[in-house]
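All remarks here apply to the structure that follows.
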There are 2 protein chains.
Amino acid sequence: MQTIERKVRSREQTRSGIISTAKAIASQEGWQAVSIRKIADAIDYSAPVVYEYFDSKDVLLDEIRNEGFRYLYKEYDRILKLYRDPEKRLYEISLIQWDFARQQPEIYQVMYNLDGAYCTMPVYQSEAMQAVSRIVEEIIFSFIPKAKESIKRLYFQWWSASHGMIMLSMLLKDEQPLDQSEQIYRETMRRFVRDLR
Amino acid sequence: MQTIERKVRSREQTRSGIISTAKAIASQEGWQAVSIRKIADAIDYSAPVVYEYFDSKDVLLDEIRNEGFRYLYKEYDRILKLYRDPEKRLYEISLIQWDFARQQPEIYQVMYNLDGAYCTMPVYQSEAMQAVSRIVEEIIFSFIPKAKESIKRLYFQWWSASHGMIMLSMLLKDEQPLDQSEQIYRETMRRFVRDLR
DNA sequence: TCAGATGAGTTAACACCGTTAACCACCGAC
DNA sequence: GTCGGTGGTTAACGGTGTTAACTCATCTGA
């Protein structure tokens, strides 16, 4: 008789298999092409087993989205340990945001409901997203200790600047090479951080 | 026998009927809920007649998107006639962008493939979008006459700043009131325009 | 006036989608 | 040896975009 751990491990394996094939399909054919049946086929199961792991397609997408935010959190945390200067920290975090969107665009898409990816759950209610927000807000605070409202405002501006340019770069990538966009992005974020002083 | 004009007019009426009910459904239930059959029902036809007017759902969405860009173009043009100062012009255009996104979010969504709206045709190939780009680039040029590359770069930065903040404001509208976001938006765009000097 | 063409609109179908109910076969326990 | 649960299946429901085939009225030309 297989131990209970063994069963749990196997469950977690197929669960992460569902997630990673969903991401794989999205990466190759776009989120619009991701369907429960296609995922099930890819992992050699019938469609209903997917529902043993995720109540709906929506919560599957939500899980992938949260995975994305958790990944970002981890990376931001790494930067926190790597540098002490708040200016440097915020700039490096901006770069991570760029690299993430560039290397895993599907995840970035589902995080912001971009390009056919559509997840009903509101982003701002995601615990993982709030953790990410908190970490950046803390950096900004250590930078210029102001009232909470001001910090929120500055974070909103930083987020907008970063996300806006990333989104537009992806949108125009066939017109304006990504390397060029990256250069402008770096300069813009550097300027933003500098002007914070 | 009804004249040929009469027939053409009727055709154009049902055509614009299709477009406006698509927008109406999107406005009330989101783009995800927009289906050919639902549109057909609303205009008291069967589904296939929609295909007499639009080859596919995709080109219907593309038409709505282009309508959006044409509207923006018209508004920008109005500003051009209203003010002569390039600084004022660019700032006013930024405000139009905001009002447009706020008053007709469905259109804004389909223009940028946001929130479940998904149109395959690439935006940057839209003639209407390019006209909008040109008009803003010309304003920036009259501002600071530089090489074409620099203008494109500045336009990209302006567009990013505006679009990024608009998108995030919509995303966070239940957390951060839109009026507050608008205030920050105005200040940010004002600063952008000022720093251009 | 009557046959034929035209064209607007329909129904029915195909293949897919998310989701759920019903079922089946196996495997450990008593 | 029979029972219950567990992991998996098939089949179905209502919906999607899209197309082929059909109907039927109206207009055209002889």
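Here's how to read the names in the structure tokens: chain A, B, ... by the order shown, residue numbers from 1 in each chain, ligand numbers from 1 in the order shown.
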**Study point:** Secondary structure check, helix (DSSP H, G or I) residues of stretch 118-171 of chain A, as a VMD selection string
**Key:** chain A and resid 123 to 125 127 to 143 148 to 171
**Study point:** Distance filter 9 Å, only C-alpha atoms (C1' of nucleotides), chain D against chain A, as a PyMOL selection string
**Key:** chain D and resi 7-9
For the selection you just gave me, I'd like the residues written to a file as a PDB file, in the first residue's frame, keeping all heavy atoms.
```pdb
ATOM      1  P    DG D   7      -8.010   8.965  -4.985  1.00  0.00           P
ATOM      2  OP1  DG D   7      -6.605   9.122  -4.557  1.00  0.00           O
ATOM      3  OP2  DG D   7      -8.980  10.053  -4.806  1.00  0.00           O
ATOM      4  O5'  DG D   7      -7.984   8.543  -6.514  1.00  0.00           O
ATOM      5  C5'  DG D   7      -7.293   7.357  -6.907  1.00  0.00           C
ATOM      6  C4'  DG D   7      -7.550   7.140  -8.377  1.00  0.00           C
ATOM      7  O4'  DG D   7      -8.931   6.727  -8.566  1.00  0.00           O
ATOM      8  C3'  DG D   7      -7.368   8.393  -9.230  1.00  0.00           C
ATOM      9  O3'  DG D   7      -6.737   8.026 -10.451  1.00  0.00           O
ATOM     10  C2'  DG D   7      -8.797   8.882  -9.465  1.00  0.00           C
ATOM     11  C1'  DG D   7      -9.568   7.581  -9.490  1.00  0.00           C
ATOM     12  N9   DG D   7     -10.962   7.688  -9.084  1.00  0.00           N
ATOM     13  C8   DG D   7     -11.523   8.552  -8.184  1.00  0.00           C
ATOM     14  N7   DG D   7     -12.822   8.394  -8.042  1.00  0.00           N
ATOM     15  C5   DG D   7     -13.128   7.348  -8.906  1.00  0.00           C
ATOM     16  C6   DG D   7     -14.376   6.720  -9.190  1.00  0.00           C
ATOM     17  O6   DG D   7     -15.485   6.966  -8.709  1.00  0.00           O
ATOM     18  N1   DG D   7     -14.232   5.698 -10.130  1.00  0.00           N
ATOM     19  C2   DG D   7     -13.037   5.340 -10.714  1.00  0.00           C
ATOM     20  N2   DG D   7     -13.091   4.335 -11.595  1.00  0.00           N
ATOM     21  N3   DG D   7     -11.875   5.915 -10.463  1.00  0.00           N
ATOM     22  C4   DG D   7     -11.999   6.914  -9.548  1.00  0.00           C
ATOM     23  P    DG D   8      -6.237   9.160 -11.447  1.00  0.00           P
ATOM     24  OP1  DG D   8      -4.934   8.784 -12.002  1.00  0.00           O
ATOM     25  OP2  DG D   8      -6.432  10.466 -10.777  1.00  0.00           O
ATOM     26  O5'  DG D   8      -7.333   9.033 -12.602  1.00  0.00           O
ATOM     27  C5'  DG D   8      -7.347   7.847 -13.398  1.00  0.00           C
ATOM     28  C4'  DG D   8      -8.722   7.617 -13.963  1.00  0.00           C
ATOM     29  O4'  DG D   8      -9.708   7.678 -12.933  1.00  0.00           O
ATOM     30  C3'  DG D   8      -9.230   8.665 -14.945  1.00  0.00           C
ATOM     31  O3'  DG D   8      -8.694   8.431 -16.244  1.00  0.00           O
ATOM     32  C2'  DG D   8     -10.734   8.365 -14.932  1.00  0.00           C
ATOM     33  C1'  DG D   8     -10.961   7.742 -13.568  1.00  0.00           C
ATOM     34  N9   DG D   8     -11.896   8.510 -12.748  1.00  0.00           N
ATOM     35  C8   DG D   8     -11.640   9.575 -11.914  1.00  0.00           C
ATOM     36  N7   DG D   8     -12.712  10.025 -11.316  1.00  0.00           N
ATOM     37  C5   DG D   8     -13.735   9.216 -11.799  1.00  0.00           C
ATOM     38  C6   DG D   8     -15.123   9.228 -11.515  1.00  0.00           C
ATOM     39  O6   DG D   8     -15.752   9.986 -10.764  1.00  0.00           O
ATOM     40  N1   DG D   8     -15.793   8.229 -12.216  1.00  0.00           N
ATOM     41  C2   DG D   8     -15.200   7.337 -13.071  1.00  0.00           C
ATOM     42  N2   DG D   8     -15.993   6.436 -13.657  1.00  0.00           N
ATOM     43  N3   DG D   8     -13.918   7.300 -13.335  1.00  0.00           N
ATOM     44  C4   DG D   8     -13.242   8.281 -12.670  1.00  0.00           C
ATOM     45  P    DT D   9      -9.210   9.358 -17.473  1.00  0.00           P
ATOM     46  OP1  DT D   9      -8.239   9.165 -18.575  1.00  0.00           O
ATOM     47  OP2  DT D   9      -9.484  10.721 -16.962  1.00  0.00           O
ATOM     48  O5'  DT D   9     -10.599   8.711 -17.894  1.00  0.00           O
ATOM     49  C5'  DT D   9     -10.658   7.327 -18.244  1.00  0.00           C
ATOM     50  C4'  DT D   9     -12.102   6.898 -18.432  1.00  0.00           C
ATOM     51  O4'  DT D   9     -12.811   7.178 -17.193  1.00  0.00           O
ATOM     52  C3'  DT D   9     -12.853   7.670 -19.501  1.00  0.00           C
ATOM     53  O3'  DT D   9     -12.858   6.931 -20.709  1.00  0.00           O
ATOM     54  C2'  DT D   9     -14.265   7.807 -18.960  1.00  0.00           C
ATOM     55  C1'  DT D   9     -14.153   7.499 -17.480  1.00  0.00           C
ATOM     56  N1   DT D   9     -14.539   8.655 -16.600  1.00  0.00           N
ATOM     57  C2   DT D   9     -15.851   8.792 -16.223  1.00  0.00           C
ATOM     58  O2   DT D   9     -16.731   8.035 -16.578  1.00  0.00           O
ATOM     59  N3   DT D   9     -16.104   9.871 -15.410  1.00  0.00           N
ATOM     60  C4   DT D   9     -15.183  10.787 -14.944  1.00  0.00           C
ATOM     61  O4   DT D   9     -15.520  11.714 -14.218  1.00  0.00           O
ATOM     62  C5   DT D   9     -13.834  10.586 -15.390  1.00  0.00           C
ATOM     63  C7   DT D   9     -12.762  11.530 -14.938  1.00  0.00           C
ATOM     64  C6   DT D   9     -13.569   9.541 -16.179  1.00  0.00           C
TER      65       DT D   9
END
```
Give me the chain C side of the contact with chain A, cut-off 10 Å, one line per residue showing its nearest atom pair and distance in Å at one decimal, counting only C-alpha atoms (C1' of nucleotides), sorted by chain and residue number, as a tab-separated table.
```
residue	atom	partner	partner_atom	distance
C:DC16	C1'	A:Ser35	CA	9.8
C:DC17	C1'	A:Ser35	CA	7.4
C:DG18	C1'	A:Ile36	CA	7.6
C:DT19	C1'	A:Ser56	CA	8.2
C:DT20	C1'	A:Pro48	CA	8.7
C:DC27	C1'	A:Met1	CA	9.6
C:DG28	C1'	A:Met1	CA	8.5
```
Fitted chain A, least squares over ordered Cα pairs with chain B, as a PDB file with C-alpha atoms, in the first residue's frame:
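Writing done, so here's selection-v8.pdb:
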```
ATOM      1  CA  MET A   1     -39.223  49.670 -56.016  1.00  0.00           C
ATOM      2  CA  GLN A   2     -36.947  51.054 -53.411  1.00  0.00           C
ATOM      3  CA  THR A   3     -34.104  53.146 -54.752  1.00  0.00           C
ATOM      4  CA  ILE A   4     -30.577  51.901 -54.411  1.00  0.00           C
ATOM      5  CA  GLU A   5     -29.718  54.584 -51.870  1.00  0.00           C
ATOM      6  CA  ARG A   6     -32.500  53.394 -49.664  1.00  0.00           C
ATOM      7  CA  LYS A   7     -31.074  49.917 -49.685  1.00  0.00           C
ATOM      8  CA  VAL A   8     -27.604  51.181 -48.922  1.00  0.00           C
ATOM      9  CA  ARG A   9     -28.910  53.293 -46.077  1.00  0.00           C
ATOM     10  CA  SER A  10     -30.724  50.363 -44.567  1.00  0.00           C
ATOM     11  CA  ARG A  11     -27.608  48.239 -44.862  1.00  0.00           C
ATOM     12  CA  GLU A  12     -25.568  50.855 -43.093  1.00  0.00           C
ATOM     13  CA  GLN A  13     -28.184  51.089 -40.406  1.00  0.00           C
ATOM     14  CA  THR A  14     -28.085  47.422 -39.500  1.00  0.00           C
ATOM     15  CA  ARG A  15     -24.311  47.492 -39.791  1.00  0.00           C
ATOM     16  CA  SER A  16     -24.009  50.246 -37.238  1.00  0.00           C
ATOM     17  CA  GLY A  17     -26.690  48.463 -35.240  1.00  0.00           C
ATOM     18  CA  ILE A  18     -24.420  45.441 -34.990  1.00  0.00           C
ATOM     19  CA  ILE A  19     -21.539  47.616 -33.848  1.00  0.00           C
ATOM     20  CA  SER A  20     -23.512  49.513 -31.264  1.00  0.00           C
ATOM     21  CA  THR A  21     -25.159  46.431 -29.747  1.00  0.00           C
ATOM     22  CA  ALA A  22     -21.758  44.793 -29.531  1.00  0.00           C
ATOM     23  CA  LYS A  23     -20.540  47.821 -27.613  1.00  0.00           C
ATOM     24  CA  ALA A  24     -23.672  47.832 -25.473  1.00  0.00           C
ATOM     25  CA  ILE A  25     -23.257  44.198 -24.447  1.00  0.00           C
ATOM     26  CA  ALA A  26     -19.571  44.780 -23.747  1.00  0.00           C
ATOM     27  CA  SER A  27     -20.422  47.797 -21.649  1.00  0.00           C
ATOM     28  CA  GLN A  28     -22.928  45.906 -19.527  1.00  0.00           C
ATOM     29  CA  GLU A  29     -21.461  42.415 -19.307  1.00  0.00           C
ATOM     30  CA  GLY A  30     -17.881  42.754 -20.512  1.00  0.00           C
ATOM     31  CA  TRP A  31     -16.320  41.688 -23.800  1.00  0.00           C
ATOM     32  CA  GLN A  32     -16.226  38.093 -22.723  1.00  0.00           C
ATOM     33  CA  ALA A  33     -20.020  38.039 -22.900  1.00  0.00           C
ATOM     34  CA  VAL A  34     -20.186  39.414 -26.433  1.00  0.00           C
ATOM     35  CA  SER A  35     -21.207  36.697 -28.876  1.00  0.00           C
ATOM     36  CA  ILE A  36     -22.420  36.765 -32.449  1.00  0.00           C
ATOM     37  CA  ARG A  37     -25.666  35.045 -31.504  1.00  0.00           C
ATOM     38  CA  LYS A  38     -26.374  37.531 -28.737  1.00  0.00           C
ATOM     39  CA  ILE A  39     -25.790  40.432 -31.086  1.00  0.00           C
ATOM     40  CA  ALA A  40     -28.034  38.857 -33.715  1.00  0.00           C
ATOM     41  CA  ASP A  41     -30.778  38.301 -31.161  1.00  0.00           C
ATOM     42  CA  ALA A  42     -30.609  41.898 -30.037  1.00  0.00           C
ATOM     43  CA  ILE A  43     -31.112  43.222 -33.556  1.00  0.00           C
ATOM     44  CA  ASP A  44     -33.813  40.609 -34.310  1.00  0.00           C
ATOM     45  CA  TYR A  45     -31.891  38.632 -36.849  1.00  0.00           C
ATOM     46  CA  SER A  46     -30.407  35.180 -36.970  1.00  0.00           C
ATOM     47  CA  ALA A  47     -26.680  34.762 -36.434  1.00  0.00           C
ATOM     48  CA  PRO A  48     -25.556  34.335 -40.067  1.00  0.00           C
ATOM     49  CA  VAL A  49     -26.685  37.808 -41.132  1.00  0.00           C
ATOM     50  CA  VAL A  50     -23.934  39.274 -38.973  1.00  0.00           C
ATOM     51  CA  TYR A  51     -21.504  37.575 -41.337  1.00  0.00           C
ATOM     52  CA  GLU A  52     -23.021  39.500 -44.240  1.00  0.00           C
ATOM     53  CA  TYR A  53     -21.627  42.625 -42.627  1.00  0.00           C
ATOM     54  CA  PHE A  54     -18.441  41.365 -40.970  1.00  0.00           C
ATOM     55  CA  ASP A  55     -16.362  38.438 -42.174  1.00  0.00           C
ATOM     56  CA  SER A  56     -15.678  37.355 -38.620  1.00  0.00           C
ATOM     57  CA  LYS A  57     -15.966  38.437 -35.024  1.00  0.00           C
ATOM     58  CA  ASP A  58     -12.370  39.501 -35.314  1.00  0.00           C
ATOM     59  CA  VAL A  59     -12.973  42.102 -38.007  1.00  0.00           C
ATOM     60  CA  LEU A  60     -16.000  43.341 -36.086  1.00  0.00           C
ATOM     61  CA  LEU A  61     -13.764  43.991 -33.081  1.00  0.00           C
ATOM     62  CA  ASP A  62     -11.175  45.534 -35.391  1.00  0.00           C
ATOM     63  CA  GLU A  63     -13.774  47.906 -36.767  1.00  0.00           C
ATOM     64  CA  ILE A  64     -14.800  48.972 -33.257  1.00  0.00           C
ATOM     65  CA  ARG A  65     -11.160  49.477 -32.376  1.00  0.00           C
ATOM     66  CA  ASN A  66     -10.588  51.654 -35.443  1.00  0.00           C
ATOM     67  CA  GLU A  67     -13.726  53.612 -34.682  1.00  0.00           C
ATOM     68  CA  GLY A  68     -12.140  54.341 -31.327  1.00  0.00           C
ATOM     69  CA  PHE A  69      -8.921  55.582 -32.870  1.00  0.00           C
ATOM     70  CA  ARG A  70     -10.842  57.684 -35.372  1.00  0.00           C
ATOM     71  CA  TYR A  71     -12.777  59.250 -32.532  1.00  0.00           C
ATOM     72  CA  LEU A  72      -9.527  60.071 -30.764  1.00  0.00           C
ATOM     73  CA  TYR A  73      -8.147  61.556 -33.979  1.00  0.00           C
ATOM     74  CA  LYS A  74     -11.153  63.805 -34.317  1.00  0.00           C
ATOM     75  CA  GLU A  75     -10.831  64.994 -30.756  1.00  0.00           C
ATOM     76  CA  TYR A  76      -7.100  65.611 -31.092  1.00  0.00           C
ATOM     77  CA  ASP A  77      -7.752  67.565 -34.237  1.00  0.00           C
ATOM     78  CA  ARG A  78     -10.277  69.672 -32.374  1.00  0.00           C
ATOM     79  CA  ILE A  79      -7.631  70.488 -29.761  1.00  0.00           C
ATOM     80  CA  LEU A  80      -5.216  71.433 -32.519  1.00  0.00           C
ATOM     81  CA  LYS A  81      -7.656  74.036 -33.742  1.00  0.00           C
ATOM     82  CA  LEU A  82      -8.421  75.230 -30.233  1.00  0.00           C
ATOM     83  CA  TYR A  83      -4.899  75.905 -28.989  1.00  0.00           C
ATOM     84  CA  ARG A  84      -1.657  76.998 -30.609  1.00  0.00           C
ATOM     85  CA  ASP A  85       0.756  76.432 -27.757  1.00  0.00           C
ATOM     86  CA  PRO A  86       2.295  72.972 -28.168  1.00  0.00           C
ATOM     87  CA  GLU A  87       2.622  72.572 -24.428  1.00  0.00           C
ATOM     88  CA  LYS A  88      -1.062  73.259 -23.950  1.00  0.00           C
ATOM     89  CA  ARG A  89      -1.914  71.044 -26.888  1.00  0.00           C
ATOM     90  CA  LEU A  90      -0.103  68.010 -25.565  1.00  0.00           C
ATOM     91  CA  TYR A  91      -1.539  68.436 -22.114  1.00  0.00           C
ATOM     92  CA  GLU A  92      -5.092  68.794 -23.400  1.00  0.00           C
ATOM     93  CA  ILE A  93      -4.644  65.713 -25.543  1.00  0.00           C
ATOM     94  CA  SER A  94      -3.569  63.797 -22.465  1.00  0.00           C
ATOM     95  CA  LEU A  95      -6.786  64.819 -20.777  1.00  0.00           C
ATOM     96  CA  ILE A  96      -8.839  63.673 -23.742  1.00  0.00           C
ATOM     97  CA  GLN A  97      -7.172  60.292 -23.515  1.00  0.00           C
ATOM     98  CA  TRP A  98      -8.248  60.066 -19.894  1.00  0.00           C
ATOM     99  CA  ASP A  99     -11.829  61.151 -20.509  1.00  0.00           C
ATOM    100  CA  PHE A 100     -12.134  58.727 -23.385  1.00  0.00           C
ATOM    101  CA  ALA A 101     -10.944  55.765 -21.333  1.00  0.00           C
ATOM    102  CA  ARG A 102     -13.217  56.760 -18.499  1.00  0.00           C
ATOM    103  CA  GLN A 103     -16.339  57.351 -20.535  1.00  0.00           C
ATOM    104  CA  GLN A 104     -15.990  54.478 -22.972  1.00  0.00           C
ATOM    105  CA  PRO A 105     -13.899  51.865 -21.196  1.00  0.00           C
ATOM    106  CA  GLU A 106     -15.163  49.065 -23.473  1.00  0.00           C
ATOM    107  CA  ILE A 107     -13.712  50.805 -26.496  1.00  0.00           C
ATOM    108  CA  TYR A 108     -10.462  51.478 -24.725  1.00  0.00           C
ATOM    109  CA  GLN A 109     -10.349  47.801 -23.774  1.00  0.00           C
ATOM    110  CA  VAL A 110     -10.773  46.517 -27.299  1.00  0.00           C
ATOM    111  CA  MET A 111      -8.199  49.019 -28.567  1.00  0.00           C
ATOM    112  CA  TYR A 112      -5.544  47.515 -26.313  1.00  0.00           C
ATOM    113  CA  ASN A 113      -6.870  43.964 -25.869  1.00  0.00           C
ATOM    114  CA  LEU A 114      -7.686  44.526 -22.225  1.00  0.00           C
ATOM    115  CA  ASP A 115      -9.948  42.601 -19.858  1.00  0.00           C
ATOM    116  CA  GLY A 116     -11.043  39.768 -22.086  1.00  0.00           C
ATOM    117  CA  ALA A 117     -11.375  41.834 -25.231  1.00  0.00           C
ATOM    118  CA  TYR A 118      -9.280  40.112 -27.838  1.00  0.00           C
ATOM    119  CA  CYS A 119      -8.724  41.205 -31.400  1.00  0.00           C
ATOM    120  CA  THR A 120      -6.157  39.329 -33.464  1.00  0.00           C
ATOM    121  CA  MET A 121      -5.244  42.158 -35.808  1.00  0.00           C
ATOM    122  CA  PRO A 122      -2.130  43.949 -34.554  1.00  0.00           C
ATOM    123  CA  VAL A 123      -2.856  47.494 -33.399  1.00  0.00           C
ATOM    124  CA  TYR A 124       0.200  49.034 -34.948  1.00  0.00           C
ATOM    125  CA  GLN A 125      -1.042  48.102 -38.401  1.00  0.00           C
ATOM    126  CA  SER A 126      -4.221  50.067 -37.949  1.00  0.00           C
ATOM    127  CA  GLU A 127      -4.283  53.074 -40.246  1.00  0.00           C
ATOM    128  CA  ALA A 128      -6.422  54.952 -37.744  1.00  0.00           C
ATOM    129  CA  MET A 129      -3.937  54.316 -34.957  1.00  0.00           C
ATOM    130  CA  GLN A 130      -1.049  55.498 -37.101  1.00  0.00           C
ATOM    131  CA  ALA A 131      -2.924  58.711 -37.873  1.00  0.00           C
ATOM    132  CA  VAL A 132      -3.312  59.311 -34.154  1.00  0.00           C
ATOM    133  CA  SER A 133       0.376  58.646 -33.620  1.00  0.00           C
ATOM    134  CA  ARG A 134       1.317  61.047 -36.374  1.00  0.00           C
ATOM    135  CA  ILE A 135      -0.758  63.846 -34.952  1.00  0.00           C
ATOM    136  CA  VAL A 136       0.838  63.551 -31.521  1.00  0.00           C
ATOM    137  CA  GLU A 137       4.312  63.210 -32.987  1.00  0.00           C
ATOM    138  CA  GLU A 138       3.759  66.413 -34.940  1.00  0.00           C
ATOM    139  CA  ILE A 139       2.790  68.255 -31.794  1.00  0.00           C
ATOM    140  CA  ILE A 140       5.916  67.045 -30.063  1.00  0.00           C
ATOM    141  CA  PHE A 141       7.965  68.046 -33.089  1.00  0.00           C
ATOM    142  CA  SER A 142       6.556  71.563 -33.122  1.00  0.00           C
ATOM    143  CA  PHE A 143       7.550  71.544 -29.512  1.00  0.00           C
ATOM    144  CA  ILE A 144      11.144  70.484 -29.858  1.00  0.00           C
ATOM    145  CA  PRO A 145      12.202  69.968 -33.472  1.00  0.00           C
ATOM    146  CA  LYS A 146      14.588  67.050 -33.271  1.00  0.00           C
ATOM    147  CA  ALA A 147      15.394  64.041 -35.408  1.00  0.00           C
ATOM    148  CA  LYS A 148      12.595  61.656 -36.226  1.00  0.00           C
ATOM    149  CA  GLU A 149      14.045  59.041 -33.935  1.00  0.00           C
ATOM    150  CA  SER A 150      14.001  61.351 -30.945  1.00  0.00           C
ATOM    151  CA  ILE A 151      10.418  62.331 -31.637  1.00  0.00           C
ATOM    152  CA  LYS A 152       9.366  58.684 -31.843  1.00  0.00           C
ATOM    153  CA  ARG A 153      11.106  58.099 -28.569  1.00  0.00           C
ATOM    154  CA  LEU A 154       9.394  60.983 -26.830  1.00  0.00           C
ATOM    155  CA  TYR A 155       6.040  59.909 -28.216  1.00  0.00           C
ATOM    156  CA  PHE A 156       6.644  56.421 -26.907  1.00  0.00           C
ATOM    157  CA  GLN A 157       7.368  57.854 -23.485  1.00  0.00           C
ATOM    158  CA  TRP A 158       4.294  60.051 -23.508  1.00  0.00           C
ATOM    159  CA  TRP A 159       2.093  57.199 -24.648  1.00  0.00           C
ATOM    160  CA  SER A 160       3.521  54.878 -22.017  1.00  0.00           C
ATOM    161  CA  ALA A 161       2.999  57.370 -19.224  1.00  0.00           C
ATOM    162  CA  SER A 162      -0.567  58.060 -20.244  1.00  0.00           C
ATOM    163  CA  HIS A 163      -1.605  54.507 -21.034  1.00  0.00           C
ATOM    164  CA  GLY A 164       0.127  53.029 -18.006  1.00  0.00           C
ATOM    165  CA  MET A 165      -1.629  55.260 -15.563  1.00  0.00           C
ATOM    166  CA  ILE A 166      -4.993  54.928 -17.275  1.00  0.00           C
ATOM    167  CA  MET A 167      -4.757  51.145 -17.285  1.00  0.00           C
ATOM    168  CA  LEU A 168      -3.728  50.923 -13.677  1.00  0.00           C
ATOM    169  CA  SER A 169      -6.411  53.370 -12.639  1.00  0.00           C
ATOM    170  CA  MET A 170      -9.046  51.174 -14.230  1.00  0.00           C
ATOM    171  CA  LEU A 171      -7.532  48.111 -12.611  1.00  0.00           C
ATOM    172  CA  LEU A 172      -7.481  49.631  -9.146  1.00  0.00           C
ATOM    173  CA  LYS A 173     -10.631  51.691  -9.394  1.00  0.00           C
ATOM    174  CA  ASP A 174     -12.302  49.806  -6.525  1.00  0.00           C
ATOM    175  CA  GLU A 175      -9.328  50.452  -4.298  1.00  0.00           C
ATOM    176  CA  GLN A 176      -8.293  53.925  -5.323  1.00  0.00           C
ATOM    177  CA  PRO A 177     -11.140  56.232  -6.381  1.00  0.00           C
ATOM    178  CA  LEU A 178     -10.972  57.322  -9.989  1.00  0.00           C
ATOM    179  CA  ASP A 179     -11.142  60.987  -9.016  1.00  0.00           C
ATOM    180  CA  GLN A 180      -7.962  60.601  -7.031  1.00  0.00           C
ATOM    181  CA  SER A 181      -6.299  58.723  -9.889  1.00  0.00           C
ATOM    182  CA  GLU A 182      -7.343  61.481 -12.236  1.00  0.00           C
ATOM    183  CA  GLN A 183      -5.687  64.066 -10.060  1.00  0.00           C
ATOM    184  CA  ILE A 184      -2.419  62.124 -10.087  1.00  0.00           C
ATOM    185  CA  TYR A 185      -2.776  61.577 -13.824  1.00  0.00           C
ATOM    186  CA  ARG A 186      -3.179  65.288 -14.482  1.00  0.00           C
ATOM    187  CA  GLU A 187      -0.175  66.118 -12.394  1.00  0.00           C
ATOM    188  CA  THR A 188       1.942  63.420 -14.005  1.00  0.00           C
ATOM    189  CA  MET A 189       1.072  64.448 -17.545  1.00  0.00           C
ATOM    190  CA  ARG A 190       1.516  68.106 -16.717  1.00  0.00           C
ATOM    191  CA  ARG A 191       4.941  67.326 -15.368  1.00  0.00           C
ATOM    192  CA  PHE A 192       5.801  65.282 -18.424  1.00  0.00           C
ATOM    193  CA  VAL A 193       4.854  68.117 -20.729  1.00  0.00           C
ATOM    194  CA  ARG A 194       6.734  70.663 -18.643  1.00  0.00           C
ATOM    195  CA  ASP A 195       9.886  68.540 -18.534  1.00  0.00           C
ATOM    196  CA  LEU A 196       9.848  68.373 -22.298  1.00  0.00           C
ATOM    197  CA  ARG A 197      10.982  71.956 -22.407  1.00  0.00           C
TER     198      ARG A 197
END
```
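When atom C1' of D:DC24 is paired with atom C1' of C:DG4, their separation reads 14.4 Å.
Residues lying within 10 Å of C:DT6, counting only C-alpha atoms (C1' of nucleotides) and ignoring same-chain neighbours fewer than 2 positions away, are DG4 and DA8 of chain C; DT26, DC27 and DT28 of chain D.
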Output C-alpha atoms (C1' of nucleotides) of each residue in that selection to a file, as a compact mmCIF listing (two decimals), in the first residue's frame.
```txt
# COMPACT_ATOMS: atom_id res chain seq x y z
C1' DG C 4 -36.15 32.48 -64.11
C1' DA C 8 -32.34 38.43 -47.99
C1' DT D 26 -39.53 40.02 -55.08
C1' DC D 27 -37.80 41.83 -59.29
C1' DT D 28 -36.43 41.05 -64.40
```
